[in-house]
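K.L.:
Sharing input_9.cif below, mmCIF, C-alpha atoms:
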```cif
data_upload
loop_
_atom_site.label_atom_id
_atom_site.label_comp_id
_atom_site.auth_asym_id
_atom_site.auth_seq_id
_atom_site.Cartn_x
_atom_site.Cartn_y
_atom_site.Cartn_z
CA MET A 1 3.40 -19.27 4.22
CA HIS A 2 3.83 -15.68 5.34
CA GLY A 3 3.80 -13.35 2.37
CA ALA A 4 1.64 -11.49 -0.13
CA GLU A 5 -0.99 -14.24 -0.41
CA MET A 6 -1.51 -14.35 3.35
CA GLN A 7 -1.65 -10.55 3.56
CA SER A 8 -4.09 -10.23 0.65
CA SER A 9 -6.32 -12.91 2.19
CA SER A 10 -6.23 -11.10 5.54
CA LEU A 11 -7.31 -7.85 3.88
CA LEU A 12 -10.25 -9.50 2.14
CA LEU A 13 -11.42 -11.33 5.28
CA ASN A 14 -11.06 -8.16 7.35
CA LEU A 15 -13.16 -6.17 4.88
CA HIS A 16 -15.78 -8.93 4.83
CA GLN A 17 -15.96 -9.17 8.63
CA VAL A 18 -16.37 -5.41 9.18
CA ALA A 19 -18.79 -4.94 6.27
CA MET A 20 -21.04 -7.77 7.50
CA LYS A 21 -21.02 -6.35 11.02
CA GLU A 22 -21.83 -2.78 9.91
CA GLY A 23 -24.29 -3.88 7.24
CA HIS A 24 -22.75 -2.03 4.29
CA LEU A 25 -19.59 -1.65 2.19
CA PRO A 26 -17.58 1.57 2.39
CA LYS A 27 -17.25 3.82 -0.62
CA HIS A 28 -13.62 4.59 0.21
CA TRP A 29 -11.44 1.93 1.89
CA SER A 30 -8.16 3.09 3.46
CA ILE A 31 -5.54 0.47 4.29
CA GLY A 32 -2.63 1.26 6.61
CA ALA A 33 0.37 -1.05 6.18
CA ASP A 34 4.05 -1.39 7.02
CA ASN A 35 6.76 -0.96 4.40
CA THR A 36 7.20 -4.71 3.93
CA ARG A 37 7.84 -5.73 0.35
CA LYS A 38 7.32 -9.41 1.16
CA GLU A 39 3.77 -8.91 2.46
CA THR A 40 1.95 -5.76 1.35
CA LYS A 41 4.15 -3.48 -0.76
CA ASN A 42 4.21 -5.73 -3.82
CA GLN A 43 2.31 -6.18 -7.05
CA ILE A 44 0.44 -9.29 -5.85
CA THR A 45 -1.37 -7.33 -3.13
CA MET A 46 -1.88 -4.34 -5.43
CA TRP A 47 -3.44 -6.48 -8.17
CA MET A 48 -5.67 -8.19 -5.60
CA LEU A 49 -7.10 -4.77 -4.72
CA VAL A 50 -7.57 -3.93 -8.41
CA TRP A 51 -9.32 -7.28 -8.90
CA LEU A 52 -11.59 -6.52 -5.94
CA LEU A 53 -12.72 -3.23 -7.50
CA CYS A 54 -13.57 -5.14 -10.68
CA ALA A 55 -15.35 -7.97 -8.84
CA LEU A 56 -17.43 -5.47 -6.79
CA GLU A 57 -18.28 -3.26 -9.75
CA ASP A 58 -21.98 -3.02 -8.85
CA THR A 59 -21.35 -2.04 -5.22
CA PRO A 60 -20.60 1.32 -3.53
CA LEU A 61 -16.88 0.48 -3.06
CA TRP A 62 -15.10 2.47 -5.76
CA MET A 63 -11.81 3.71 -4.21
CA ILE A 64 -9.02 2.01 -2.22
CA ASP A 65 -6.03 3.80 -0.67
CA VAL A 66 -2.95 1.96 0.60
CA ILE A 67 -0.85 4.08 2.96
CA PHE A 68 2.70 3.22 4.09
CA LEU A 69 4.03 5.43 6.87
CA MET A 70 7.75 6.18 7.05
CA VAL A 71 10.05 3.88 8.98
CA GLY A 72 10.27 5.15 12.56
CA HIS A 73 6.98 7.06 12.26
CA THR A 74 5.14 8.41 15.27
CA HIS A 75 2.92 5.66 16.65
CA ASN A 76 -0.56 5.67 15.13
CA LYS A 77 -3.77 4.32 16.68
CA LEU A 78 -2.99 0.72 15.75
CA ASP A 79 0.48 0.86 17.36
CA ARG A 80 -1.00 2.34 20.53
CA LEU A 81 -3.69 -0.38 20.67
CA PHE A 82 -1.13 -3.19 20.43
CA SER A 83 1.02 -1.57 23.12
CA ARG A 84 -2.01 -1.70 25.45
CA MET A 85 -2.55 -5.36 24.54
CA SER A 86 1.04 -6.10 25.49
CA VAL A 87 0.46 -4.51 28.90
CA ALA A 88 -2.80 -6.45 29.34
CA LEU A 89 -1.01 -9.79 28.75
CA ALA A 90 2.10 -9.08 30.81
CA GLY A 91 2.46 -11.59 33.66
CA ARG A 92 -0.62 -13.62 32.70
CA ASP A 93 -0.74 -17.25 31.55
CA TYR A 94 -2.97 -18.39 28.70
CA PHE A 95 -3.08 -21.66 26.80
CA THR A 96 -5.29 -20.92 23.80
CA ILE A 97 -6.17 -18.04 21.48
CA VAL A 98 -9.54 -17.83 23.20
CA GLY A 99 -7.81 -17.46 26.58
CA MET A 100 -5.48 -14.76 25.26
CA LEU A 101 -8.37 -12.75 23.79
CA GLY A 102 -10.28 -13.10 27.06
CA HIS A 103 -7.44 -11.39 28.98
CA ILE A 104 -7.27 -8.59 26.40
CA LYS A 105 -11.01 -7.89 26.33
CA ALA A 106 -11.15 -7.84 30.14
CA SER A 107 -8.22 -5.41 30.49
CA VAL A 108 -8.27 -3.00 27.55
CA ALA A 109 -10.57 0.00 28.00
CA CYS A 110 -12.23 -0.29 24.59
CA ASP A 111 -14.21 -2.77 22.54
CA VAL A 112 -11.89 -5.31 20.88
CA GLU A 113 -13.04 -7.21 17.81
CA SER A 114 -10.89 -10.12 16.62
CA GLY A 115 -10.82 -12.34 13.57
CA HIS A 116 -8.84 -15.35 12.43
CA LEU A 117 -7.14 -16.03 9.10
CA SER A 118 -8.81 -19.37 8.51
CA GLN A 119 -8.09 -19.58 4.78
CA THR A 120 -5.43 -18.29 2.38
CA TRP A 121 -5.98 -18.10 -1.38
CA GLY A 122 -3.57 -18.36 -4.31
CA TRP A 123 -3.38 -14.70 -5.34
CA LYS A 124 -0.04 -15.20 -7.11
CA GLN A 125 -1.98 -16.58 -10.07
CA LEU A 126 -3.08 -13.00 -10.80
CA GLN A 127 0.41 -12.41 -12.20
CA GLU A 128 -0.41 -14.83 -15.02
CA HIS A 129 -3.65 -13.05 -15.97
CA ARG A 130 -3.51 -11.30 -19.32
CA CYS A 131 -5.08 -8.14 -17.84
CA CYS A 132 -2.39 -7.71 -15.17
CA PRO A 133 0.86 -6.18 -16.51
CA THR A 134 3.92 -6.27 -14.29
CA MET A 135 4.35 -3.49 -11.71
CA ARG A 136 7.89 -2.51 -10.77
CA ASN A 137 9.69 -0.07 -8.49
CA LEU A 138 6.99 0.24 -5.83
CA ASP A 139 9.51 0.92 -3.04
CA PRO A 140 9.95 4.74 -3.43
CA ALA A 141 6.18 5.40 -3.26
CA HIS A 142 4.43 5.42 0.14
CA ALA A 143 0.82 6.02 -0.92
CA PHE A 144 -1.21 4.31 -3.65
CA ARG A 145 -4.74 4.93 -4.83
CA PHE A 146 -6.98 2.73 -6.98
CA TYR A 147 -10.41 3.86 -8.15
CA ARG A 148 -13.11 2.76 -10.56
CA SER A 149 -14.32 5.26 -13.14
CA GLY A 150 -15.24 3.35 -16.26
CA GLY A 151 -11.97 1.41 -16.00
CA ILE A 152 -9.64 1.01 -13.02
CA TYR A 153 -7.18 3.87 -12.51
CA MET A 154 -4.09 4.07 -10.30
CA GLN A 155 -2.25 7.00 -8.70
CA TRP A 156 0.69 7.22 -6.31
CA LYS A 157 2.86 9.75 -4.48
CA GLN A 158 6.18 9.58 -2.71
CA TRP A 159 5.06 10.47 0.83
CA CYS A 160 1.69 10.40 2.57
CA THR A 161 2.09 14.12 3.34
CA ASP A 162 2.65 15.14 -0.30
CA GLU A 163 -0.17 17.38 -1.47
CA GLN A 164 -0.34 16.16 -5.05
CA TRP A 165 -0.86 12.68 -6.49
CA CYS A 166 0.71 11.78 -9.81
CA ARG A 167 -1.49 11.85 -12.88
CA SER A 168 -3.97 8.97 -13.14
CA VAL A 169 -2.84 5.87 -15.03
CA LEU A 170 -5.43 3.59 -16.66
CA LEU A 171 -4.57 0.13 -15.32
CA VAL A 172 -7.57 -1.85 -16.54
CA PRO A 173 -9.67 -0.57 -19.47
CA GLU A 174 -13.42 -0.94 -19.07
CA GLU A 175 -13.61 -3.82 -21.55
CA HIS A 176 -11.05 -5.81 -19.50
CA MET A 177 -12.80 -5.37 -16.15
CA GLN A 178 -15.24 -8.25 -16.61
CA PRO A 179 -12.56 -10.84 -17.61
CA LEU A 180 -10.50 -9.82 -14.57
CA ALA A 181 -13.55 -9.91 -12.28
CA LEU A 182 -14.17 -13.55 -13.27
CA PHE A 183 -10.82 -14.61 -11.78
CA ARG A 184 -11.12 -16.79 -8.68
CA PRO A 185 -8.02 -17.76 -6.67
CA PRO A 186 -7.81 -21.36 -5.47
CA CYS A 187 -7.98 -22.24 -1.77
CA LEU A 188 -4.50 -23.13 -0.55
CA ASP A 189 -3.99 -26.11 1.74
CA MET A 190 -4.01 -24.95 5.35
CA GLN A 191 -1.62 -27.10 7.36
CA PHE A 192 1.20 -26.68 9.85
CA SER A 193 4.59 -27.59 8.39
CA THR A 194 5.60 -28.99 11.82
CA GLY A 195 2.20 -30.35 12.85
CA GLN A 196 3.56 -33.52 14.49
CA GLY A 197 6.16 -31.46 16.35
CA ILE A 198 3.42 -29.24 17.74
CA LEU A 199 1.43 -32.28 18.90
CA ASP A 200 4.53 -33.74 20.57
CA TRP A 201 5.09 -30.46 22.43
CA ILE A 202 1.43 -30.39 23.58
CA ASN A 203 1.82 -33.95 24.91
CA ARG A 204 4.98 -33.07 26.86
CA PHE A 205 3.39 -29.91 28.25
CA GLU A 206 0.29 -31.82 29.36
CA VAL A 207 2.48 -34.36 31.21
CA TRP A 208 4.39 -31.53 32.88
CA CYS A 209 1.17 -29.83 34.03
CA SER A 210 -0.21 -33.07 35.47
CA SER A 211 3.02 -33.62 37.43
CA GLN A 212 2.69 -30.35 39.34
CA PRO A 213 1.54 -31.05 42.91
CA VAL A 214 -0.20 -27.71 43.43
CA GLY A 215 -0.56 -24.47 41.53
CA ASN A 216 -2.36 -23.01 38.57
CA TYR A 217 -1.68 -25.81 36.05
CA LYS A 218 -4.62 -28.09 36.81
CA ASP A 219 -7.88 -28.93 35.04
CA PHE A 220 -6.81 -27.91 31.54
CA ASP A 221 -8.20 -30.96 29.73
CA ALA A 222 -10.53 -28.78 27.62
CA GLU A 223 -7.65 -26.48 26.60
CA PHE A 224 -5.42 -29.35 25.48
CA GLN A 225 -8.32 -30.88 23.54
CA TRP A 226 -8.89 -27.49 21.83
CA LEU A 227 -5.20 -27.21 20.89
CA ARG A 228 -5.09 -30.69 19.35
CA ALA A 229 -8.25 -30.00 17.37
CA LEU A 230 -6.74 -26.75 16.14
CA VAL A 231 -3.63 -28.51 14.82
CA HIS A 232 -5.93 -30.74 12.74
CA HIS A 233 -8.13 -27.72 11.69
CA GLN A 234 -11.16 -29.27 13.38
CA VAL A 235 -12.19 -26.30 15.54
CA PRO A 236 -15.54 -25.08 14.15
CA GLY A 237 -16.38 -21.51 13.28
CA GLU A 238 -13.80 -18.92 12.27
CA TYR A 239 -10.89 -21.34 12.86
CA SER A 240 -12.04 -23.82 10.22
CA PRO A 241 -10.65 -23.41 6.66
CA GLY A 242 -12.56 -23.93 3.45
CA THR A 243 -14.24 -20.56 2.86
CA THR A 244 -14.19 -19.66 -0.82
CA VAL A 245 -13.79 -16.22 -2.39
CA ASP A 246 -17.11 -16.76 -4.21
CA THR A 247 -18.88 -17.00 -0.85
CA LEU A 248 -17.33 -13.76 0.40
CA LEU A 249 -18.20 -11.91 -2.81
CA ARG A 250 -21.83 -13.09 -2.70
CA ASN A 251 -22.13 -11.85 0.89
CA LEU A 252 -20.64 -8.45 0.05
CA LYS A 253 -22.76 -7.95 -3.07
CA ALA A 254 -25.93 -8.76 -1.11
CA LEU A 255 -25.34 -5.90 1.36
CA PRO A 256 -27.47 -2.73 1.07
CA HIS A 257 -25.97 0.00 -1.09
CA SER A 258 -26.61 2.65 1.53
CA LYS A 259 -25.40 2.84 5.11
CA PRO A 260 -28.07 1.68 7.59
CA GLN A 261 -29.49 4.39 9.82
CA GLY A 262 -28.26 4.37 13.40
CA PRO A 263 -26.24 6.28 15.98
CA ARG A 264 -23.08 7.83 14.63
CA ALA A 265 -19.74 6.61 15.90
CA PRO A 266 -17.81 9.10 18.04
CA GLY A 267 -15.31 11.24 16.15
CA SER A 268 -11.67 10.31 16.30
CA LEU A 269 -8.31 11.61 15.14
CA GLN A 270 -7.55 10.41 11.64
CA SER A 271 -4.44 8.24 11.47
CA ASP A 272 -2.80 10.31 8.75
CA THR A 273 -3.23 13.53 10.76
CA ILE A 274 -0.25 12.51 12.85
CA THR A 275 1.92 12.22 9.76
CA GLN A 276 0.93 15.79 8.86
CA LEU A 277 2.34 16.96 12.18
CA PHE A 278 5.56 14.97 11.78
CA PRO A 279 6.40 14.85 8.05
CA GLY A 280 10.06 14.08 8.83
CA GLY A 281 12.73 13.07 6.37
CA ASP A 282 15.12 15.28 4.42
CA ILE A 283 15.05 13.13 1.28
CA PRO A 284 14.53 15.29 -1.83
CA PRO A 285 11.19 14.54 -3.52
CA ILE A 286 11.11 12.54 -6.73
CA PRO A 287 8.54 13.47 -9.40
CA ALA A 288 5.64 11.12 -8.71
CA GLU A 289 5.37 9.96 -12.33
CA HIS A 290 8.91 8.56 -12.10
CA LEU A 291 8.33 6.36 -9.05
CA VAL A 292 6.38 3.32 -10.27
CA LYS A 293 6.87 1.35 -13.50
CA ILE A 294 4.03 -0.65 -15.09
CA ASP A 295 4.88 -2.70 -18.16
CA GLY A 296 3.04 -1.54 -21.26
CA ILE A 297 1.38 1.39 -19.45
CA THR A 298 4.14 3.68 -18.12
CA HIS A 299 7.21 1.73 -19.37
CA THR A 300 8.18 -0.92 -21.86
CA ALA A 301 9.01 -4.44 -20.64
CA GLY A 302 12.68 -3.40 -20.78
CA GLY A 303 12.09 -0.51 -18.39
CA ARG A 304 12.18 2.36 -20.92
CA PRO A 305 9.57 5.06 -20.22
CA LEU A 306 6.69 5.46 -22.65
CA ARG A 307 6.84 9.18 -23.33
CA SER A 308 4.21 11.22 -25.09
CA LYS A 309 5.32 13.18 -28.15
CA VAL A 310 2.84 15.95 -27.35
CA ILE A 311 4.17 19.06 -25.58
CA HIS A 312 1.62 20.52 -23.18
CA PRO A 313 1.78 22.95 -20.24
CA GLY A 314 3.95 21.35 -17.57
CA SER A 315 6.05 19.25 -19.97
CA LEU A 316 9.75 19.08 -19.07
CA LEU A 317 11.93 19.82 -22.08
CA LEU A 318 15.62 19.64 -22.87
CA VAL A 319 16.13 22.72 -25.04
CA ARG A 320 19.31 23.54 -26.94
CA GLY A 321 20.23 27.15 -26.35
CA PRO A 322 22.10 29.56 -28.61
CA ASP A 323 25.82 28.91 -29.00
CA ASP A 324 26.70 31.88 -26.77
CA THR A 325 24.53 30.74 -23.83
CA ASN A 326 26.37 31.21 -20.50
CA VAL A 327 25.20 30.35 -16.99
CA LEU A 328 27.24 31.92 -14.17
CA GLY A 329 30.15 32.28 -16.56
CA THR A 330 30.06 28.66 -17.80
CA PRO A 331 29.04 27.82 -21.39
CA VAL A 332 25.99 25.54 -21.41
CA ARG A 333 24.75 24.06 -24.69
CA PHE A 334 21.36 22.92 -23.33
CA LEU A 335 18.98 23.77 -20.51
CA VAL A 336 15.96 22.17 -18.86
CA ALA A 337 12.73 24.08 -19.35
CA VAL A 338 9.06 23.72 -18.45
CA ALA A 339 6.37 24.54 -20.99
CA MET A 340 3.92 27.20 -19.82
CA GLU A 341 0.35 28.09 -20.77
CA THR A 342 0.21 30.00 -24.07
CA ASN A 343 -2.48 31.85 -25.96
CA ALA A 344 -4.27 30.45 -28.97
CA ARG A 345 -2.22 32.51 -31.48
CA MET A 346 1.10 31.09 -30.25
CA SER A 347 -0.35 27.57 -30.30
CA ARG A 348 -1.40 28.00 -33.93
CA ASP A 349 2.14 29.18 -34.74
CA GLN A 350 3.55 26.07 -32.94
CA ARG A 351 5.35 28.21 -30.42
CA THR A 352 5.34 28.01 -26.64
CA ILE A 353 6.67 29.89 -23.64
CA VAL A 354 9.12 28.07 -21.38
CA VAL A 355 10.58 28.74 -17.95
CA TRP A 356 14.29 27.94 -17.79
CA TYR A 357 15.67 25.88 -14.93
CA VAL A 358 19.19 27.22 -14.30
CA PRO A 359 21.70 25.02 -12.45
CA ASP A 360 23.42 26.22 -9.30
CA THR A 361 27.06 25.89 -8.29
CA ALA A 362 28.27 23.09 -6.05
CA PRO A 363 31.60 22.42 -4.27
CA VAL A 364 34.01 19.93 -5.79
CA GLU A 365 34.73 17.03 -3.44
CA ASN A 366 38.44 16.24 -3.80
CA PHE A 367 38.98 14.79 -0.30
CA ARG A 368 41.67 17.39 0.45
CA GLY A 369 41.65 20.05 3.14
CA GLY A 370 41.05 23.72 2.55
CA GLY A 371 38.38 25.61 0.66
CA LYS A 372 36.33 23.87 -1.98
CA LYS A 373 36.19 25.09 -5.55
CA LEU A 374 32.72 25.85 -6.84
CA ILE A 375 31.67 24.55 -10.25
CA LEU A 376 28.45 24.60 -12.19
CA ASP A 377 26.43 21.51 -11.19
CA ILE A 378 24.44 20.47 -14.26
CA TRP A 379 23.07 17.48 -12.35
CA THR A 380 20.90 19.82 -10.30
CA LEU A 381 19.05 20.99 -13.38
CA GLY A 382 15.42 21.36 -12.41
CA GLN A 383 16.14 21.95 -8.73
CA HIS A 384 16.63 25.72 -8.76
CA PRO A 385 14.05 27.49 -10.93
CA GLN A 386 14.65 31.07 -11.93
CA CYS A 387 12.17 33.42 -13.48
CA ASP A 388 13.93 34.14 -16.78
CA ILE A 389 11.28 33.56 -19.44
CA ALA A 390 12.13 33.14 -23.11
CA ALA A 391 10.28 32.12 -26.22
CA SER A 392 11.42 28.96 -27.97
CA GLN A 393 10.36 27.23 -31.18
#
```
Kindly transcribe the structure held in the file into structure tokens.
P.N.:
Amino acid sequence: MHGAEMQSSSLLLNLHQVAMKEGHLPKHWSIGADNTRKETKNQITMWMLVWLLCALEDTPLWMIDVIFLMVGHTHNKLDRLFSRMSVALAGRDYFTIVGMLGHIKASVACDVESGHLSQTWGWKQLQEHRCCPTMRNLDPAHAFRFYRSGGIYMQWKQWCTDEQWCRSVLLVPEEHMQPLALFRPPCLDMQFSTGQGILDWINRFEVWCSSQPVGNYKDFDAEFQWLRALVHHQVPGEYSPGTTVDTLLRNLKALPHSKPQGPRAPGSLQSDTITQLFPGGDIPPIPAEHLVKIDGITHTAGGRPLRSKVIHPGSLLLVRGPDDTNVLGTPVRFLVAVAMETNARMSRDQRTIVVWYVPDTAPVENFRGGGKKLILDIWTLGQHPQCDIAASQ
């Protein structure tokens, strides 16, 4: 089935293939993905990456970034590569995966490495693990970071081009890393849901090819034999299922902890540099801490935020003002404020300095013609900071 388990399995196999070829694991693994909740942008894939950091605790890999570019983004290197593949295949016939890859490698002006998803594992069982609380509300965030520092920590931000990540959240305490690392997903059965239908189509196509008097559809006995073997998962090598996660982990852990010496790869434009040039979007930013919900860590199971009772510099506060407080001629009984750095004497006296956030005026939408009346918009509190500073208990 297409979905999170297939995507997570593809990520693990891709990492294994590249690491074995290069002879080492990366310290920092960056994953570029589409904004597809069904496949990558979901808690199953996220917890698989957290599990991988636990399972590879004694290896150099300690940080994983997952980047989701905006919908309609400028084409990155991967998009441009696939567009060249499409041109390479245009107007050409091929009967097998091997034949298709042969056309691509002969036509594209770069080295093309390919792999095959021969096995999918049951990653959904991670949701039942006691060390994996539920993640919610992943949609508004477009960049996630997981790193190992004692335990496993998580950060996120709304857009890839945002300068600041949210504060780090401890996902897996150090004492829970080993129990999570012992998890092993089962191998799922690899079979075609319409296997007999595929075989029937191959039979009809073979008869049609043999009936052609002349042309390019002759002497394809080996191709048809390959296709039938593939339907039954009997093609050896990378097309044969049965690989276990234990085998992949053993291979990765056995790699050297330092990068082998050799010629350096030519420099290239980083994929996220393009997003810096085209940030796009006029959506107002959301405070990063408010984007993702994790049961028992950032929110309760009912979705209520777990708030600290400690006021520190940067804390947002709802402060009741004096009874005669007026903003632009409108009485306001409370204001939003941000706690600032204070000296030691004020801290001992349990006092702090705050910066008030004063609301602006906004037009009333009454769906009638003519000028619009302006009223104080308390819902924009926090959007228009002013520099009036006052002391508050």
K.L.:
On this structure, which residues satisfy the PyMOL selection byres ((chain A and resi 53-67) around 6), written as a list in words?
P.N.:
Pro26, Lys27, His28, Trp29, Ser30, Ile31, Gly32, Val50, Trp51, Leu52, Phe68, Ala143, Phe144, Arg145, Phe146, Tyr147, Arg148, Met177 and Ala181 of chain A
K.L.:
Using the chain letters and numbers from this file, what does the PyMOL selection byres ((chain A and resi 104) around 9) select? Give the answer as a ChimeraX atom specification.
P.N.:
/A:84-86,88-89,99-103,105-108,112
K.L.:
Mind telling me what the PyMOL selection byres ((chain A and resi 133) around 9) catches here, as a PDB file with C-alpha atoms, in the coordinates of the input?
P.N.:
```pdb
ATOM      1  CA  GLN A 127       0.410 -12.410 -12.200  1.00  0.00           C
ATOM      2  CA  GLU A 128      -0.410 -14.830 -15.020  1.00  0.00           C
ATOM      3  CA  HIS A 129      -3.650 -13.050 -15.970  1.00  0.00           C
ATOM      4  CA  ARG A 130      -3.510 -11.300 -19.320  1.00  0.00           C
ATOM      5  CA  CYS A 131      -5.080  -8.140 -17.840  1.00  0.00           C
ATOM      6  CA  CYS A 132      -2.390  -7.710 -15.170  1.00  0.00           C
ATOM      7  CA  THR A 134       3.920  -6.270 -14.290  1.00  0.00           C
ATOM      8  CA  MET A 135       4.350  -3.490 -11.710  1.00  0.00           C
ATOM      9  CA  LEU A 171      -4.570   0.130 -15.320  1.00  0.00           C
ATOM     10  CA  ILE A 294       4.030  -0.650 -15.090  1.00  0.00           C
ATOM     11  CA  ASP A 295       4.880  -2.700 -18.160  1.00  0.00           C
ATOM     12  CA  GLY A 296       3.040  -1.540 -21.260  1.00  0.00           C
ATOM     13  CA  ILE A 297       1.380   1.390 -19.450  1.00  0.00           C
TER      14      ILE A 297
END
```
K.L.:
Go ahead and compute the interatomic distance for CA of Ser240 in chain A and CA of Met48 in chain A, in Å to one decimal.
P.N.:
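About the pair CA of Ser240 in chain A and CA of Met48 in chain A: they are 23.1 Å apart.
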K.L.:
Report as a VMD selection string all protein, DNA and RNA residues lying within 9 Å of range 183-198 of chain A, evaluated on all atoms listed in the file, omitting residues in the same chain fewer than 2 positions from it.
P.N.:
chain A and resid 51 55 118 to 126 129 179 to 181 200 to 203 228 231 to 233 241 to 246
K.L.:
For the residues in that selection, give me C-alpha atoms as an mmCIF file, in the coordinates of the input.
P.N.:
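Saved the output as result-v1.cif:
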```
data_model
loop_
_atom_site.group_PDB
_atom_site.id
_atom_site.type_symbol
_atom_site.label_atom_id
_atom_site.label_comp_id
_atom_site.auth_asym_id
_atom_site.auth_seq_id
_atom_site.Cartn_x
_atom_site.Cartn_y
_atom_site.Cartn_z
ATOM 1 C CA TRP A 51 -9.320 -7.280 -8.900
ATOM 2 C CA ALA A 55 -15.350 -7.970 -8.840
ATOM 3 C CA SER A 118 -8.810 -19.370 8.510
ATOM 4 C CA GLN A 119 -8.090 -19.580 4.780
ATOM 5 C CA THR A 120 -5.430 -18.290 2.380
ATOM 6 C CA TRP A 121 -5.980 -18.100 -1.380
ATOM 7 C CA GLY A 122 -3.570 -18.360 -4.310
ATOM 8 C CA TRP A 123 -3.380 -14.700 -5.340
ATOM 9 C CA LYS A 124 -0.040 -15.200 -7.110
ATOM 10 C CA GLN A 125 -1.980 -16.580 -10.070
ATOM 11 C CA LEU A 126 -3.080 -13.000 -10.800
ATOM 12 C CA HIS A 129 -3.650 -13.050 -15.970
ATOM 13 C CA PRO A 179 -12.560 -10.840 -17.610
ATOM 14 C CA LEU A 180 -10.500 -9.820 -14.570
ATOM 15 C CA ALA A 181 -13.550 -9.910 -12.280
ATOM 16 C CA ASP A 200 4.530 -33.740 20.570
ATOM 17 C CA TRP A 201 5.090 -30.460 22.430
ATOM 18 C CA ILE A 202 1.430 -30.390 23.580
ATOM 19 C CA ASN A 203 1.820 -33.950 24.910
ATOM 20 C CA ARG A 228 -5.090 -30.690 19.350
ATOM 21 C CA VAL A 231 -3.630 -28.510 14.820
ATOM 22 C CA HIS A 232 -5.930 -30.740 12.740
ATOM 23 C CA HIS A 233 -8.130 -27.720 11.690
ATOM 24 C CA PRO A 241 -10.650 -23.410 6.660
ATOM 25 C CA GLY A 242 -12.560 -23.930 3.450
ATOM 26 C CA THR A 243 -14.240 -20.560 2.860
ATOM 27 C CA THR A 244 -14.190 -19.660 -0.820
ATOM 28 C CA VAL A 245 -13.790 -16.220 -2.390
ATOM 29 C CA ASP A 246 -17.110 -16.760 -4.210
#
```
